[in-house]
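Q: File follows, my_file21.pdb with PDB, C-alpha atoms, pLDDT in the B column:
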```pdb
ATOM      1  CA  MET M  17      58.805  21.759 104.975  1.00 94.00           C
ATOM      2  CA  LEU M  18      55.316  21.207 106.257  1.00 97.00           C
ATOM      3  CA  ILE M  19      53.331  19.889 103.284  1.00 98.00           C
ATOM      4  CA  LEU M  20      49.567  19.331 103.085  1.00 98.00           C
ATOM      5  CA  LEU M  21      48.232  16.846 100.541  1.00 98.00           C
ATOM      6  CA  SER M  22      44.710  16.354  99.216  1.00 98.00           C
ATOM      7  CA  ASN M  23      42.907  15.105  96.098  1.00 98.00           C
ATOM      8  CA  ASP M  24      39.486  14.418  94.599  1.00 96.00           C
ATOM      9  CA  ASP M  25      39.953  10.652  94.158  1.00 96.00           C
ATOM     10  CA  GLY M  26      39.445   9.875  97.830  1.00 97.00           C
ATOM     11  CA  VAL M  27      41.609   9.111 100.830  1.00 97.00           C
ATOM     12  CA  GLY M  28      42.443   5.589  99.628  1.00 96.00           C
ATOM     13  CA  SER M  29      43.798   6.678  96.254  1.00 97.00           C
ATOM     14  CA  GLU M  30      47.103   5.095  95.222  1.00 97.00           C
ATOM     15  CA  GLY M  31      48.274   8.440  93.875  1.00 97.00           C
ATOM     16  CA  LEU M  32      47.831  10.154  97.240  1.00 98.00           C
ATOM     17  CA  ILE M  33      49.565   7.357  99.130  1.00 97.00           C
ATOM     18  CA  ALA M  34      52.490   7.196  96.692  1.00 98.00           C
ATOM     19  CA  LEU M  35      53.013  10.952  96.944  1.00 98.00           C
ATOM     20  CA  LYS M  36      52.788  10.928 100.732  1.00 98.00           C
ATOM     21  CA  GLU M  37      55.365   8.139 101.009  1.00 98.00           C
ATOM     22  CA  GLU M  38      57.783   9.873  98.619  1.00 98.00           C
ATOM     23  CA  LEU M  39      57.640  13.307 100.256  1.00 98.00           C
ATOM     24  CA  SER M  40      57.638  11.966 103.830  1.00 97.00           C
ATOM     25  CA  ARG M  41      61.222  10.841 103.352  1.00 96.00           C
ATOM     26  CA  THR M  42      62.424  14.405 103.854  1.00 95.00           C
ATOM     27  CA  ASP M  43      59.467  16.558 104.912  1.00 96.00           C
ATOM     28  CA  GLU M  44      56.614  16.615 107.398  1.00 97.00           C
ATOM     29  CA  VAL M  45      53.613  15.537 105.343  1.00 98.00           C
ATOM     30  CA  TRP M  46      49.952  15.599 106.334  1.00 98.00           C
ATOM     31  CA  ALA M  47      47.079  14.506 104.117  1.00 98.00           C
ATOM     32  CA  ILE M  48      43.345  15.139 104.264  1.00 98.00           C
ATOM     33  CA  ALA M  49      41.139  14.024 101.397  1.00 98.00           C
ATOM     34  CA  PRO M  50      37.478  13.273 100.719  1.00 97.00           C
ATOM     35  CA  GLU M  51      36.256   9.994 102.162  1.00 97.00           C
ATOM     36  CA  ARG M  52      35.038   8.987  98.691  1.00 95.00           C
ATOM     37  CA  GLU M  53      35.705   9.981  95.096  1.00 94.00           C
ATOM     38  CA  ARG M  54      34.630  13.549  94.341  1.00 94.00           C
ATOM     39  CA  THR M  55      35.741  13.871  90.717  1.00 91.00           C
ATOM     40  CA  CYS M  56      34.418  16.891  88.797  1.00 88.00           C
ATOM     41  CA  VAL M  57      32.889  18.641  91.813  1.00 93.00           C
ATOM     42  CA  GLY M  58      34.799  21.799  90.889  1.00 93.00           C
ATOM     43  CA  HIS M  59      35.346  24.374  93.637  1.00 95.00           C
ATOM     44  CA  ALA M  60      32.300  23.472  95.710  1.00 95.00           C
ATOM     45  CA  ILE M  61      32.391  24.044  99.457  1.00 95.00           C
ATOM     46  CA  THR M  62      29.924  22.557 101.919  1.00 95.00           C
ATOM     47  CA  LEU M  63      27.535  24.926 103.707  1.00 96.00           C
ATOM     48  CA  HIS M  64      24.421  22.780 104.169  1.00 94.00           C
ATOM     49  CA  LYS M  65      25.720  20.083 106.531  1.00 95.00           C
ATOM     50  CA  PRO M  66      28.354  19.635 109.248  1.00 97.00           C
ATOM     51  CA  LEU M  67      31.798  18.457 108.180  1.00 97.00           C
ATOM     52  CA  ARG M  68      33.595  15.649 109.957  1.00 97.00           C
ATOM     53  CA  ILE M  69      37.199  14.481 110.025  1.00 97.00           C
ATOM     54  CA  LYS M  70      38.269  10.867 110.510  1.00 97.00           C
ATOM     55  CA  GLU M  71      41.831   9.890 111.377  1.00 97.00           C
ATOM     56  CA  HIS M  72      43.467   6.917 109.634  1.00 97.00           C
ATOM     57  CA  GLY M  73      46.857   7.093 111.352  1.00 93.00           C
ATOM     58  CA  ASP M  74      50.241   8.475 110.294  1.00 94.00           C
ATOM     59  CA  ARG M  75      48.916  12.013 109.649  1.00 97.00           C
ATOM     60  CA  LEU M  76      46.307  10.725 107.174  1.00 98.00           C
ATOM     61  CA  PHE M  77      42.733  11.992 107.483  1.00 98.00           C
ATOM     62  CA  SER M  78      39.478  11.907 105.551  1.00 98.00           C
ATOM     63  CA  THR M  79      36.471  14.206 105.482  1.00 97.00           C
ATOM     64  CA  ASN M  80      32.897  13.969 104.247  1.00 97.00           C
ATOM     65  CA  GLY M  81      33.425  17.239 102.376  1.00 96.00           C
ATOM     66  CA  THR M  82      34.811  18.298  99.010  1.00 97.00           C
ATOM     67  CA  PRO M  83      38.466  18.784  97.987  1.00 97.00           C
ATOM     68  CA  ALA M  84      38.184  22.526  98.696  1.00 97.00           C
ATOM     69  CA  ASP M  85      36.648  21.708 102.097  1.00 98.00           C
ATOM     70  CA  ALA M  86      39.602  19.439 102.810  1.00 98.00           C
ATOM     71  CA  ILE M  87      42.078  22.278 102.315  1.00 98.00           C
ATOM     72  CA  LEU M  88      40.083  24.621 104.549  1.00 98.00           C
ATOM     73  CA  LEU M  89      39.811  21.973 107.254  1.00 98.00           C
ATOM     74  CA  GLY M  90      43.475  21.079 106.995  1.00 97.00           C
ATOM     75  CA  VAL M  91      44.784  24.637 107.137  1.00 97.00           C
ATOM     76  CA  LYS M  92      42.281  26.089 109.601  1.00 96.00           C
ATOM     77  CA  GLY M  93      41.641  23.151 111.915  1.00 93.00           C
ATOM     78  CA  LEU M  94      44.039  20.267 111.540  1.00 95.00           C
ATOM     79  CA  LEU M  95      47.653  21.254 110.921  1.00 96.00           C
ATOM     80  CA  PRO M  96      49.875  22.610 113.719  1.00 95.00           C
ATOM     81  CA  ARG M  97      50.679  25.677 111.575  1.00 97.00           C
ATOM     82  CA  LYS M  98      50.162  27.082 108.096  1.00 96.00           C
ATOM     83  CA  PRO M  99      51.699  24.689 105.547  1.00 97.00           C
ATOM     84  CA  ASP M 100      54.633  25.713 103.401  1.00 96.00           C
ATOM     85  CA  LEU M 101      53.151  23.914 100.400  1.00 97.00           C
ATOM     86  CA  VAL M 102      49.875  22.290  99.340  1.00 98.00           C
ATOM     87  CA  ILE M 103      49.817  19.550  96.707  1.00 98.00           C
ATOM     88  CA  SER M 104      46.605  18.112  95.290  1.00 98.00           C
ATOM     89  CA  GLY M 105      46.959  14.712  93.625  1.00 95.00           C
ATOM     90  CA  ILE M 106      48.325  12.615  92.139  1.00 98.00           C
ATOM     91  CA  ASN M 107      45.076  12.474  90.155  1.00 97.00           C
ATOM     92  CA  MET M 108      43.996   9.364  88.275  1.00 96.00           C
ATOM     93  CA  GLY M 109      43.742  10.919  84.834  1.00 94.00           C
ATOM     94  CA  PRO M 110      44.684  14.255  83.245  1.00 95.00           C
ATOM     95  CA  ASN M 111      43.428  17.736  84.064  1.00 96.00           C
ATOM     96  CA  MET M 112      44.166  19.885  81.036  1.00 96.00           C
ATOM     97  CA  GLY M 113      42.349  22.463  78.943  1.00 95.00           C
ATOM     98  CA  GLN M 114      38.763  22.974  80.084  1.00 92.00           C
ATOM     99  CA  ASP M 115      39.209  20.174  82.630  1.00 92.00           C
ATOM    100  CA  VAL M 116      40.544  22.700  85.130  1.00 95.00           C
ATOM    101  CA  THR M 117      37.071  24.245  85.432  1.00 94.00           C
ATOM    102  CA  TYR M 118      35.489  20.983  86.562  1.00 93.00           C
ATOM    103  CA  SER M 119      38.386  19.465  88.463  1.00 95.00           C
ATOM    104  CA  GLY M 120      38.263  18.978  92.214  1.00 96.00           C
ATOM    105  CA  THR M 121      41.996  18.327  92.085  1.00 97.00           C
ATOM    106  CA  VAL M 122      42.653  21.793  90.663  1.00 98.00           C
ATOM    107  CA  ALA M 123      40.105  23.361  93.034  1.00 97.00           C
ATOM    108  CA  ALA M 124      42.007  22.117  96.086  1.00 98.00           C
ATOM    109  CA  ALA M 125      45.192  23.818  94.854  1.00 98.00           C
ATOM    110  CA  LYS M 126      43.235  26.970  94.029  1.00 97.00           C
ATOM    111  CA  GLU M 127      41.744  27.065  97.530  1.00 97.00           C
ATOM    112  CA  ALA M 128      45.277  27.092  98.933  1.00 97.00           C
ATOM    113  CA  ALA M 129      46.182  29.925  96.543  1.00 96.00           C
ATOM    114  CA  PHE M 130      43.252  31.912  97.959  1.00 95.00           C
ATOM    115  CA  MET M 131      45.082  31.715 101.297  1.00 95.00           C
ATOM    116  CA  GLU M 132      48.423  32.685  99.742  1.00 95.00           C
ATOM    117  CA  ILE M 133      49.868  29.204 100.214  1.00 96.00           C
ATOM    118  CA  PRO M 134      52.085  27.908  97.379  1.00 96.00           C
ATOM    119  CA  SER M 135      50.227  25.026  95.749  1.00 97.00           C
ATOM    120  CA  ILE M 136      50.355  22.481  92.950  1.00 98.00           C
ATOM    121  CA  ALA M 137      47.671  20.360  91.301  1.00 98.00           C
ATOM    122  CA  VAL M 138      49.210  17.158  89.917  1.00 98.00           C
ATOM    123  CA  SER M 139      47.595  14.736  87.468  1.00 98.00           C
ATOM    124  CA  LEU M 140      48.810  11.642  85.649  1.00 98.00           C
ATOM    125  CA  ASN M 141      47.972  11.459  81.951  1.00 96.00           C
ATOM    126  CA  SER M 142      46.507   7.969  81.782  1.00 94.00           C
ATOM    127  CA  ARG M 143      43.233   6.120  82.229  1.00 90.00           C
ATOM    128  CA  ARG M 144      44.769   2.841  83.470  1.00 93.00           C
ATOM    129  CA  ASP M 145      48.046   1.187  84.555  1.00 95.00           C
ATOM    130  CA  PHE M 146      49.058   4.282  86.513  1.00 97.00           C
ATOM    131  CA  LEU M 147      52.767   4.717  87.293  1.00 98.00           C
ATOM    132  CA  PHE M 148      52.188   6.667  90.479  1.00 98.00           C
ATOM    133  CA  ASN M 149      55.578   5.982  92.038  1.00 97.00           C
ATOM    134  CA  GLU M 150      57.316   7.319  88.945  1.00 97.00           C
ATOM    135  CA  ALA M 151      55.118  10.414  88.969  1.00 98.00           C
ATOM    136  CA  ALA M 152      55.841  10.959  92.665  1.00 98.00           C
ATOM    137  CA  ARG M 153      59.558  11.122  91.828  1.00 96.00           C
ATOM    138  CA  THR M 154      58.793  13.887  89.331  1.00 97.00           C
ATOM    139  CA  VAL M 155      56.807  15.795  91.942  1.00 97.00           C
ATOM    140  CA  ARG M 156      59.751  15.458  94.331  1.00 97.00           C
ATOM    141  CA  GLU M 157      61.964  17.216  91.768  1.00 96.00           C
ATOM    142  CA  MET M 158      59.436  20.038  91.464  1.00 96.00           C
ATOM    143  CA  VAL M 159      59.166  20.441  95.242  1.00 96.00           C
ATOM    144  CA  ASP M 160      62.939  20.762  95.492  1.00 95.00           C
ATOM    145  CA  THR M 161      62.921  23.375  92.721  1.00 94.00           C
ATOM    146  CA  LEU M 162      60.115  25.395  94.306  1.00 93.00           C
ATOM    147  CA  GLY M 163      62.047  25.413  97.571  1.00 90.00           C
ATOM    148  CA  ARG M 164      64.633  27.548  95.766  1.00 92.00           C
ATOM    149  CA  ASN M 165      62.164  29.481  93.593  1.00 93.00           C
ATOM    150  CA  PRO M 166      59.007  30.558  95.463  1.00 90.00           C
ATOM    151  CA  LEU M 167      55.747  31.029  93.570  1.00 92.00           C
ATOM    152  CA  PRO M 168      54.245  34.516  93.145  1.00 90.00           C
ATOM    153  CA  ALA M 169      51.324  35.299  95.448  1.00 85.00           C
ATOM    154  CA  HIS M 170      47.975  33.726  94.476  1.00 88.00           C
ATOM    155  CA  THR M 171      49.614  31.740  91.640  1.00 93.00           C
ATOM    156  CA  PHE M 172      49.420  27.954  91.608  1.00 97.00           C
ATOM    157  CA  LEU M 173      50.684  25.330  89.192  1.00 98.00           C
ATOM    158  CA  ASN M 174      48.644  22.833  87.231  1.00 98.00           C
ATOM    159  CA  VAL M 175      50.975  19.920  86.474  1.00 98.00           C
ATOM    160  CA  ASN M 176      50.266  17.010  84.139  1.00 98.00           C
ATOM    161  CA  ILE M 177      52.748  14.143  83.945  1.00 98.00           C
ATOM    162  CA  PRO M 178      53.048  11.571  81.144  1.00 98.00           C
ATOM    163  CA  ASN M 179      52.441   8.019  82.366  1.00 97.00           C
ATOM    164  CA  LEU M 180      56.046   7.000  81.683  1.00 97.00           C
ATOM    165  CA  LEU M 181      59.095   5.859  83.592  1.00 96.00           C
ATOM    166  CA  ARG M 182      60.884   8.923  84.937  1.00 94.00           C
ATOM    167  CA  GLU M 183      63.889   8.194  82.697  1.00 95.00           C
ATOM    168  CA  SER M 184      61.646   8.239  79.616  1.00 96.00           C
ATOM    169  CA  ILE M 185      60.201  11.703  80.258  1.00 97.00           C
ATOM    170  CA  LYS M 186      61.817  14.255  77.955  1.00 97.00           C
ATOM    171  CA  GLY M 187      61.737  17.165  80.398  1.00 96.00           C
ATOM    172  CA  PHE M 188      59.593  19.976  81.781  1.00 97.00           C
ATOM    173  CA  MET M 189      57.742  22.551  79.703  1.00 97.00           C
ATOM    174  CA  VAL M 190      55.830  25.644  80.844  1.00 98.00           C
ATOM    175  CA  THR M 191      52.540  25.704  78.937  1.00 97.00           C
ATOM    176  CA  ARG M 192      49.186  27.398  78.580  1.00 97.00           C
ATOM    177  CA  LEU M 193      45.821  25.691  78.741  1.00 96.00           C
ATOM    178  CA  GLY M 194      44.808  23.883  75.582  1.00 95.00           C
ATOM    179  CA  LYS M 195      41.401  23.167  74.127  1.00 93.00           C
ATOM    180  CA  ARG M 196      39.647  19.840  74.457  1.00 88.00           C
ATOM    181  CA  ARG M 197      37.085  18.534  71.998  1.00 82.00           C
ATOM    182  CA  TYR M 198      34.254  17.291  74.126  1.00 75.00           C
ATOM    183  CA  ASN M 199      31.603  15.158  72.513  1.00 70.00           C
ATOM    184  CA  GLY M 200      29.657  14.826  75.730  1.00 69.00           C
ATOM    185  CA  LYS M 201      26.321  13.106  75.459  1.00 79.00           C
ATOM    186  CA  VAL M 202      23.197  13.037  77.592  1.00 84.00           C
ATOM    187  CA  LEU M 203      21.976   9.454  77.713  1.00 84.00           C
ATOM    188  CA  GLU M 204      18.307   9.019  78.513  1.00 88.00           C
ATOM    189  CA  ARG M 205      17.251   5.804  80.277  1.00 91.00           C
ATOM    190  CA  THR M 206      14.076   4.480  81.889  1.00 94.00           C
ATOM    191  CA  ASP M 207      13.941   2.972  85.371  1.00 90.00           C
ATOM    192  CA  PRO M 208      11.779  -0.092  86.277  1.00 93.00           C
ATOM    193  CA  ARG M 209       8.922   2.198  87.318  1.00 92.00           C
ATOM    194  CA  GLY M 210       8.853   4.004  83.988  1.00 91.00           C
ATOM    195  CA  GLY M 211      10.567   7.173  85.180  1.00 93.00           C
ATOM    196  CA  LYS M 212      13.245   8.765  83.041  1.00 91.00           C
ATOM    197  CA  TYR M 213      16.786   9.369  84.259  1.00 88.00           C
ATOM    198  CA  TYR M 214      19.945  10.608  82.595  1.00 86.00           C
ATOM    199  CA  TRP M 215      23.688   9.914  82.441  1.00 82.00           C
ATOM    200  CA  LEU M 216      26.129  12.614  81.397  1.00 78.00           C
ATOM    201  CA  GLY M 217      28.962  11.041  79.431  1.00 69.00           C
ATOM    202  CA  GLY M 218      31.031  10.995  76.290  1.00 60.00           C
ATOM    203  CA  ASP M 219      34.671  11.033  75.272  1.00 62.00           C
ATOM    204  CA  GLY M 220      36.710  14.043  76.432  1.00 63.00           C
ATOM    205  CA  ASP M 221      40.177  12.907  75.322  1.00 71.00           C
ATOM    206  CA  GLY M 222      40.166  14.651  71.939  1.00 84.00           C
ATOM    207  CA  TYR M 223      41.975  17.987  71.677  1.00 89.00           C
ATOM    208  CA  GLU M 224      43.264  20.615  69.282  1.00 91.00           C
ATOM    209  CA  PRO M 225      47.043  20.130  68.730  1.00 91.00           C
ATOM    210  CA  ILE M 226      48.086  23.720  69.428  1.00 94.00           C
ATOM    211  CA  ALA M 227      51.775  24.418  70.047  1.00 95.00           C
ATOM    212  CA  GLY M 228      52.640  25.517  73.568  1.00 96.00           C
ATOM    213  CA  THR M 229      49.553  24.005  75.175  1.00 97.00           C
ATOM    214  CA  ASP M 230      49.390  21.453  77.951  1.00 97.00           C
ATOM    215  CA  LEU M 231      47.553  18.862  75.858  1.00 96.00           C
ATOM    216  CA  LEU M 232      50.101  18.745  73.052  1.00 97.00           C
ATOM    217  CA  THR M 233      53.109  19.004  75.358  1.00 97.00           C
ATOM    218  CA  VAL M 234      52.131  15.992  77.458  1.00 97.00           C
ATOM    219  CA  SER M 235      51.374  13.929  74.344  1.00 96.00           C
ATOM    220  CA  GLU M 236      54.965  14.590  73.243  1.00 97.00           C
ATOM    221  CA  GLY M 237      56.395  13.144  76.443  1.00 97.00           C
ATOM    222  CA  TYR M 238      57.029  16.290  78.505  1.00 98.00           C
ATOM    223  CA  VAL M 239      55.744  17.271  81.932  1.00 98.00           C
ATOM    224  CA  SER M 240      53.355  20.195  81.466  1.00 98.00           C
ATOM    225  CA  ILE M 241      53.496  23.018  84.028  1.00 98.00           C
ATOM    226  CA  THR M 242      50.749  25.618  83.621  1.00 98.00           C
ATOM    227  CA  PRO M 243      50.793  28.633  85.967  1.00 97.00           C
ATOM    228  CA  LEU M 244      47.230  29.546  86.973  1.00 97.00           C
ATOM    229  CA  HIS M 245      45.693  32.379  88.970  1.00 93.00           C
ATOM    230  CA  TRP M 246      42.408  32.605  90.818  1.00 88.00           C
ATOM    231  CA  ASP M 247      41.683  35.965  89.148  1.00 89.00           C
ATOM    232  CA  MET M 248      39.474  35.044  86.161  1.00 89.00           C
ATOM    233  CA  THR M 249      39.230  38.618  84.868  1.00 91.00           C
ATOM    234  CA  THR M 250      39.867  38.956  81.111  1.00 90.00           C
ATOM    235  CA  HIS M 251      42.246  41.870  81.477  1.00 90.00           C
ATOM    236  CA  ALA M 252      42.851  42.140  77.727  1.00 89.00           C
ATOM    237  CA  ALA M 253      39.165  43.016  77.196  1.00 91.00           C
ATOM    238  CA  MET M 254      38.881  45.609  79.958  1.00 90.00           C
ATOM    239  CA  GLU M 255      39.449  48.662  77.795  1.00 89.00           C
ATOM    240  CA  SER M 256      37.009  47.466  75.118  1.00 89.00           C
ATOM    241  CA  PHE M 257      34.242  47.079  77.659  1.00 88.00           C
ATOM    242  CA  LYS M 258      35.023  50.432  79.260  1.00 86.00           C
ATOM    243  CA  LYS M 259      34.178  52.023  75.901  1.00 86.00           C
ATOM    244  CA  ILE M 260      30.760  50.377  75.931  1.00 87.00           C
ATOM    245  CA  PHE M 261      29.678  50.517  79.563  1.00 84.00           C
ATOM    246  CA  GLN M 262      30.071  53.926  81.192  1.00 63.00           C
ATOM    247  CA  ASN M 263      30.576  54.533  84.887  1.00 68.00           C
ATOM    248  CA  ASP M 264      26.992  55.714  85.268  1.00 63.00           C
ATOM    249  CA  GLY M 265      25.746  52.340  84.035  1.00 55.00           C
ATOM    250  CA  THR M 266      24.350  53.521  80.719  1.00 57.00           C
ATOM    251  CA  VAL M 267      25.085  51.727  77.462  1.00 55.00           C
ATOM    252  CA  THR M 268      26.615  53.665  74.595  1.00 55.00           C
ATOM    253  CA  GLU M 269      26.926  52.846  70.939  1.00 56.00           C
ATOM    254  CA  GLY M 270      29.943  50.827  69.976  1.00 55.00           C
ATOM    255  CA  HIS M 271      31.172  47.304  69.827  1.00 56.00           C
ATOM    256  CA  CYS M 272      33.542  45.092  71.706  1.00 54.00           C
ATOM    257  CA  LYS M 273      36.598  43.727  69.934  1.00 52.00           C
ATOM    258  CA  ARG M 274      37.124  40.047  70.408  1.00 51.00           C
TER
END
```
Transcribe the structure of this file into structure tokens.

A:
Amino acid sequence: MLILLSNDDGVGSEGLIALKEELSRTDEVWAIAPERERTCVGHAITLHKPLRIKEHGDRLFSTNGTPADAILLGVKGLLPRKPDLVISGINMGPNMGQDVTYSGTVAAAKEAAFMEIPSIAVSLNSRRDFLFNEAARTVREMVDTLGRNPLPAHTFLNVNIPNLLRESIKGFMVTRLGKRRYNGKVLERTDPRGGKYYWLGGDGDGYEPIAGTDLLTVSEGYVSITPLHWDMTTHAAMESFKKIFQNDGTVTEGHCKR
């Protein structure tokens, strides 16, 4: 297969390099990633400045753009043909629950899904001592499986892997997004000239232990696989809103069921 890799940790990330080395044993692998870390940039694309690509040898490239930019540049301007698969990662840290909204890692996979290219966002559930080579072996298993079982159109997978030896992982579980407990804080500071500035921070590792969710599944030692879709429509609420908002745009009496 022709596989395109990217991430939001930057072109020098150990996770990207480990994944490229593992998959290059059997497939043609190209990688284009941001030249620096672009964590939490979401699905931003660059419209206000020119984008550049720098070659680092062995089909490895960097760009001054975002993770989503990297996929567009790779597919539209760099690769010899449309890739068979796009993989974003392996991210340094998890992307579960509400994380997927902020994540540049997930955005890169979603951008590929926009173009109907099968894609996976892969993250390692740790904050230090990352076992990237072990995680790359797990991704290899998934790539082999997807070769026999293609993804539905516009669907991509958000994968979170426990930071364990491959032999210690209990298995694979298909999950839904969980719910994090953010206690984010806005820290106010003062610079040497007396001007105020702010840091956004706080601990985002707390979560609600709900069965069947990515957060709980990974904590129990399983690889979490969450199928996602770019269509953010709440289909279950469509009929309720149709009863409130008429086709002519007027509002009628009634209420929306939650």

Q: Evaluate the PyMOL selection byres ((chain M and resi 192-197) around 9) against this structure - the residues, as JSON, numbers by chain, please.

A: {"M": [112, 113, 114, 115, 116, 190, 191, 198, 199, 219, 220, 221, 222, 223, 224, 225, 226, 227, 228, 229, 230, 231, 232, 240, 241, 242, 243, 244]}

Q: Residues at most 10 Å from Ala128 (chain M), counting only C-alpha atoms, excluding those fewer than 4 positions away in the same chain, as an NGL selection string?

A: :M and (20 or 84 or 87-88 or 91 or 99 or 101-104 or 123-124 or 132-136 or 170-172)

Q: Let me know the residues the PyMOL selection byres ((chain M and resi 108) around 7) catches in the file above, as a list in words.

A: Ile106, Asn107, Gly109, Ser139, Leu140 and Arg143 of chain M

Q: Do you know which residues are at most 7 Å from Pro178 (chain M) counting only C-alpha atoms, after dropping those on the same chain fewer than 4 positions away, and could you put them as a PyMOL selection string?

A: chain M and resi 140-141+234+237-239

Q: Within 9 Å of region 37-49 of chain M, counting only C-alpha atoms, which residues qualify if same-chain residues fewer than 5 places away don't, as a PDB file with C-alpha atoms, in the frame of the given file?

A:
```pdb
ATOM      1  CA  MET M  17      58.805  21.759 104.975  1.00 94.00           C
ATOM      2  CA  LEU M  18      55.316  21.207 106.257  1.00 97.00           C
ATOM      3  CA  ILE M  19      53.331  19.889 103.284  1.00 98.00           C
ATOM      4  CA  LEU M  20      49.567  19.331 103.085  1.00 98.00           C
ATOM      5  CA  LEU M  21      48.232  16.846 100.541  1.00 98.00           C
ATOM      6  CA  SER M  22      44.710  16.354  99.216  1.00 98.00           C
ATOM      7  CA  ASN M  23      42.907  15.105  96.098  1.00 98.00           C
ATOM      8  CA  ASP M  24      39.486  14.418  94.599  1.00 96.00           C
ATOM      9  CA  ASP M  25      39.953  10.652  94.158  1.00 96.00           C
ATOM     10  CA  GLY M  26      39.445   9.875  97.830  1.00 97.00           C
ATOM     11  CA  VAL M  27      41.609   9.111 100.830  1.00 97.00           C
ATOM     12  CA  GLY M  28      42.443   5.589  99.628  1.00 96.00           C
ATOM     13  CA  LEU M  32      47.831  10.154  97.240  1.00 98.00           C
ATOM     14  CA  ILE M  69      37.199  14.481 110.025  1.00 97.00           C
ATOM     15  CA  GLU M  71      41.831   9.890 111.377  1.00 97.00           C
ATOM     16  CA  ASP M  74      50.241   8.475 110.294  1.00 94.00           C
ATOM     17  CA  ARG M  75      48.916  12.013 109.649  1.00 97.00           C
ATOM     18  CA  LEU M  76      46.307  10.725 107.174  1.00 98.00           C
ATOM     19  CA  PHE M  77      42.733  11.992 107.483  1.00 98.00           C
ATOM     20  CA  SER M  78      39.478  11.907 105.551  1.00 98.00           C
ATOM     21  CA  THR M  79      36.471  14.206 105.482  1.00 97.00           C
ATOM     22  CA  ASN M  80      32.897  13.969 104.247  1.00 97.00           C
ATOM     23  CA  GLY M  81      33.425  17.239 102.376  1.00 96.00           C
ATOM     24  CA  THR M  82      34.811  18.298  99.010  1.00 97.00           C
ATOM     25  CA  PRO M  83      38.466  18.784  97.987  1.00 97.00           C
ATOM     26  CA  ASP M  85      36.648  21.708 102.097  1.00 98.00           C
ATOM     27  CA  ALA M  86      39.602  19.439 102.810  1.00 98.00           C
ATOM     28  CA  ILE M  87      42.078  22.278 102.315  1.00 98.00           C
ATOM     29  CA  LEU M  89      39.811  21.973 107.254  1.00 98.00           C
ATOM     30  CA  GLY M  90      43.475  21.079 106.995  1.00 97.00           C
ATOM     31  CA  LEU M  94      44.039  20.267 111.540  1.00 95.00           C
ATOM     32  CA  LEU M  95      47.653  21.254 110.921  1.00 96.00           C
ATOM     33  CA  ASN M 149      55.578   5.982  92.038  1.00 97.00           C
ATOM     34  CA  ALA M 152      55.841  10.959  92.665  1.00 98.00           C
ATOM     35  CA  ARG M 153      59.558  11.122  91.828  1.00 96.00           C
ATOM     36  CA  VAL M 155      56.807  15.795  91.942  1.00 97.00           C
ATOM     37  CA  ARG M 156      59.751  15.458  94.331  1.00 97.00           C
ATOM     38  CA  VAL M 159      59.166  20.441  95.242  1.00 96.00           C
TER      39      VAL M 159
END
```

Q: Between CA of Asp145 (chain M) and CA of His72 (chain M), what is the distance in Å, rounded to a tenth?

A: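 Value for the CA of Asp145 (chain M)-CA of His72 (chain M) distance: 26.1 Å.
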
Q: Can you give me, as a short mmCIF file (atom, residue, chain, number, x, y, z; two decimals) with C-alpha atoms, in the frame of the given file, the residues this file yields under the PyMOL selection byres ((chain M and resi 186) around 9)?

A:
```cif
data_model
loop_
_atom_site.label_atom_id
_atom_site.label_comp_id
_atom_site.auth_asym_id
_atom_site.auth_seq_id
_atom_site.Cartn_x
_atom_site.Cartn_y
_atom_site.Cartn_z
CA ARG M 182 60.88 8.92 84.94
CA GLU M 183 63.89 8.19 82.70
CA SER M 184 61.65 8.24 79.62
CA ILE M 185 60.20 11.70 80.26
CA GLY M 187 61.74 17.16 80.40
CA PHE M 188 59.59 19.98 81.78
CA GLU M 236 54.96 14.59 73.24
CA GLY M 237 56.40 13.14 76.44
CA TYR M 238 57.03 16.29 78.50
CA VAL M 239 55.74 17.27 81.93
#
```

Q: Using all atoms of region 150-157 of chain M that appear in the file, construct an axis-aligned enclosing box with 4 Å of padding on every side and provide its centre coordinates and edge lengths in Å, rounded to one decimal, as AutoDock Vina command-line options.

A:
```
--center_x 58.5 --center_y 12.3 --center_z 91.6 --size_x 14.8 --size_y 17.9 --size_z 13.4
```

Q: For a quick check of understanding, using all atoms listed in the file, which of M:Val202, M:Leu35, M:Cys56, M:Met189 has the smallest distance to Val175 (chain M)?

A: M:Met189

Q: In Å, rounded to a single decimal, give me how far CA of Thr62 (chain M) is from CA of Phe130 (chain M).

A: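 So the two atoms, CA of Phe130 (chain M) and CA of Thr62 (chain M), lie 16.8 Å apart.
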
Q: Give me, please, the distance in Å between CA of Leu167 (chain M) and CA of Thr154 (chain M), quoted to one decimal.

A: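 Rounded to one decimal, the two atoms are 17.9 Å apart.
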
Q: Step by step: locate region 257-261 of chain M in the block above, keep N, CA and C atoms, then write the file as an mmCIF file, in the first residue's frame.

A:
```cif
data_model
loop_
_atom_site.group_PDB
_atom_site.id
_atom_site.type_symbol
_atom_site.label_atom_id
_atom_site.label_comp_id
_atom_site.auth_asym_id
_atom_site.auth_seq_id
_atom_site.Cartn_x
_atom_site.Cartn_y
_atom_site.Cartn_z
ATOM 1 N N PHE M 257 -36.552 19.014 16.337
ATOM 2 C CA PHE M 257 -36.373 20.386 15.876
ATOM 3 C C PHE M 257 -37.289 20.714 14.698
ATOM 4 N N LYS M 258 -37.627 19.704 13.902
ATOM 5 C CA LYS M 258 -38.563 19.946 12.806
ATOM 6 C C LYS M 258 -39.932 20.377 13.333
ATOM 7 N N LYS M 259 -40.283 19.902 14.539
ATOM 8 C CA LYS M 259 -41.566 20.273 15.131
ATOM 9 C C LYS M 259 -41.565 21.712 15.633
ATOM 10 N N ILE M 260 -40.398 22.261 15.857
ATOM 11 C CA ILE M 260 -40.284 23.615 16.390
ATOM 12 C C ILE M 260 -40.072 24.636 15.280
ATOM 13 N N PHE M 261 -39.145 24.322 14.376
ATOM 14 C CA PHE M 261 -38.797 25.270 13.319
ATOM 15 C C PHE M 261 -39.406 24.806 11.996
#
```
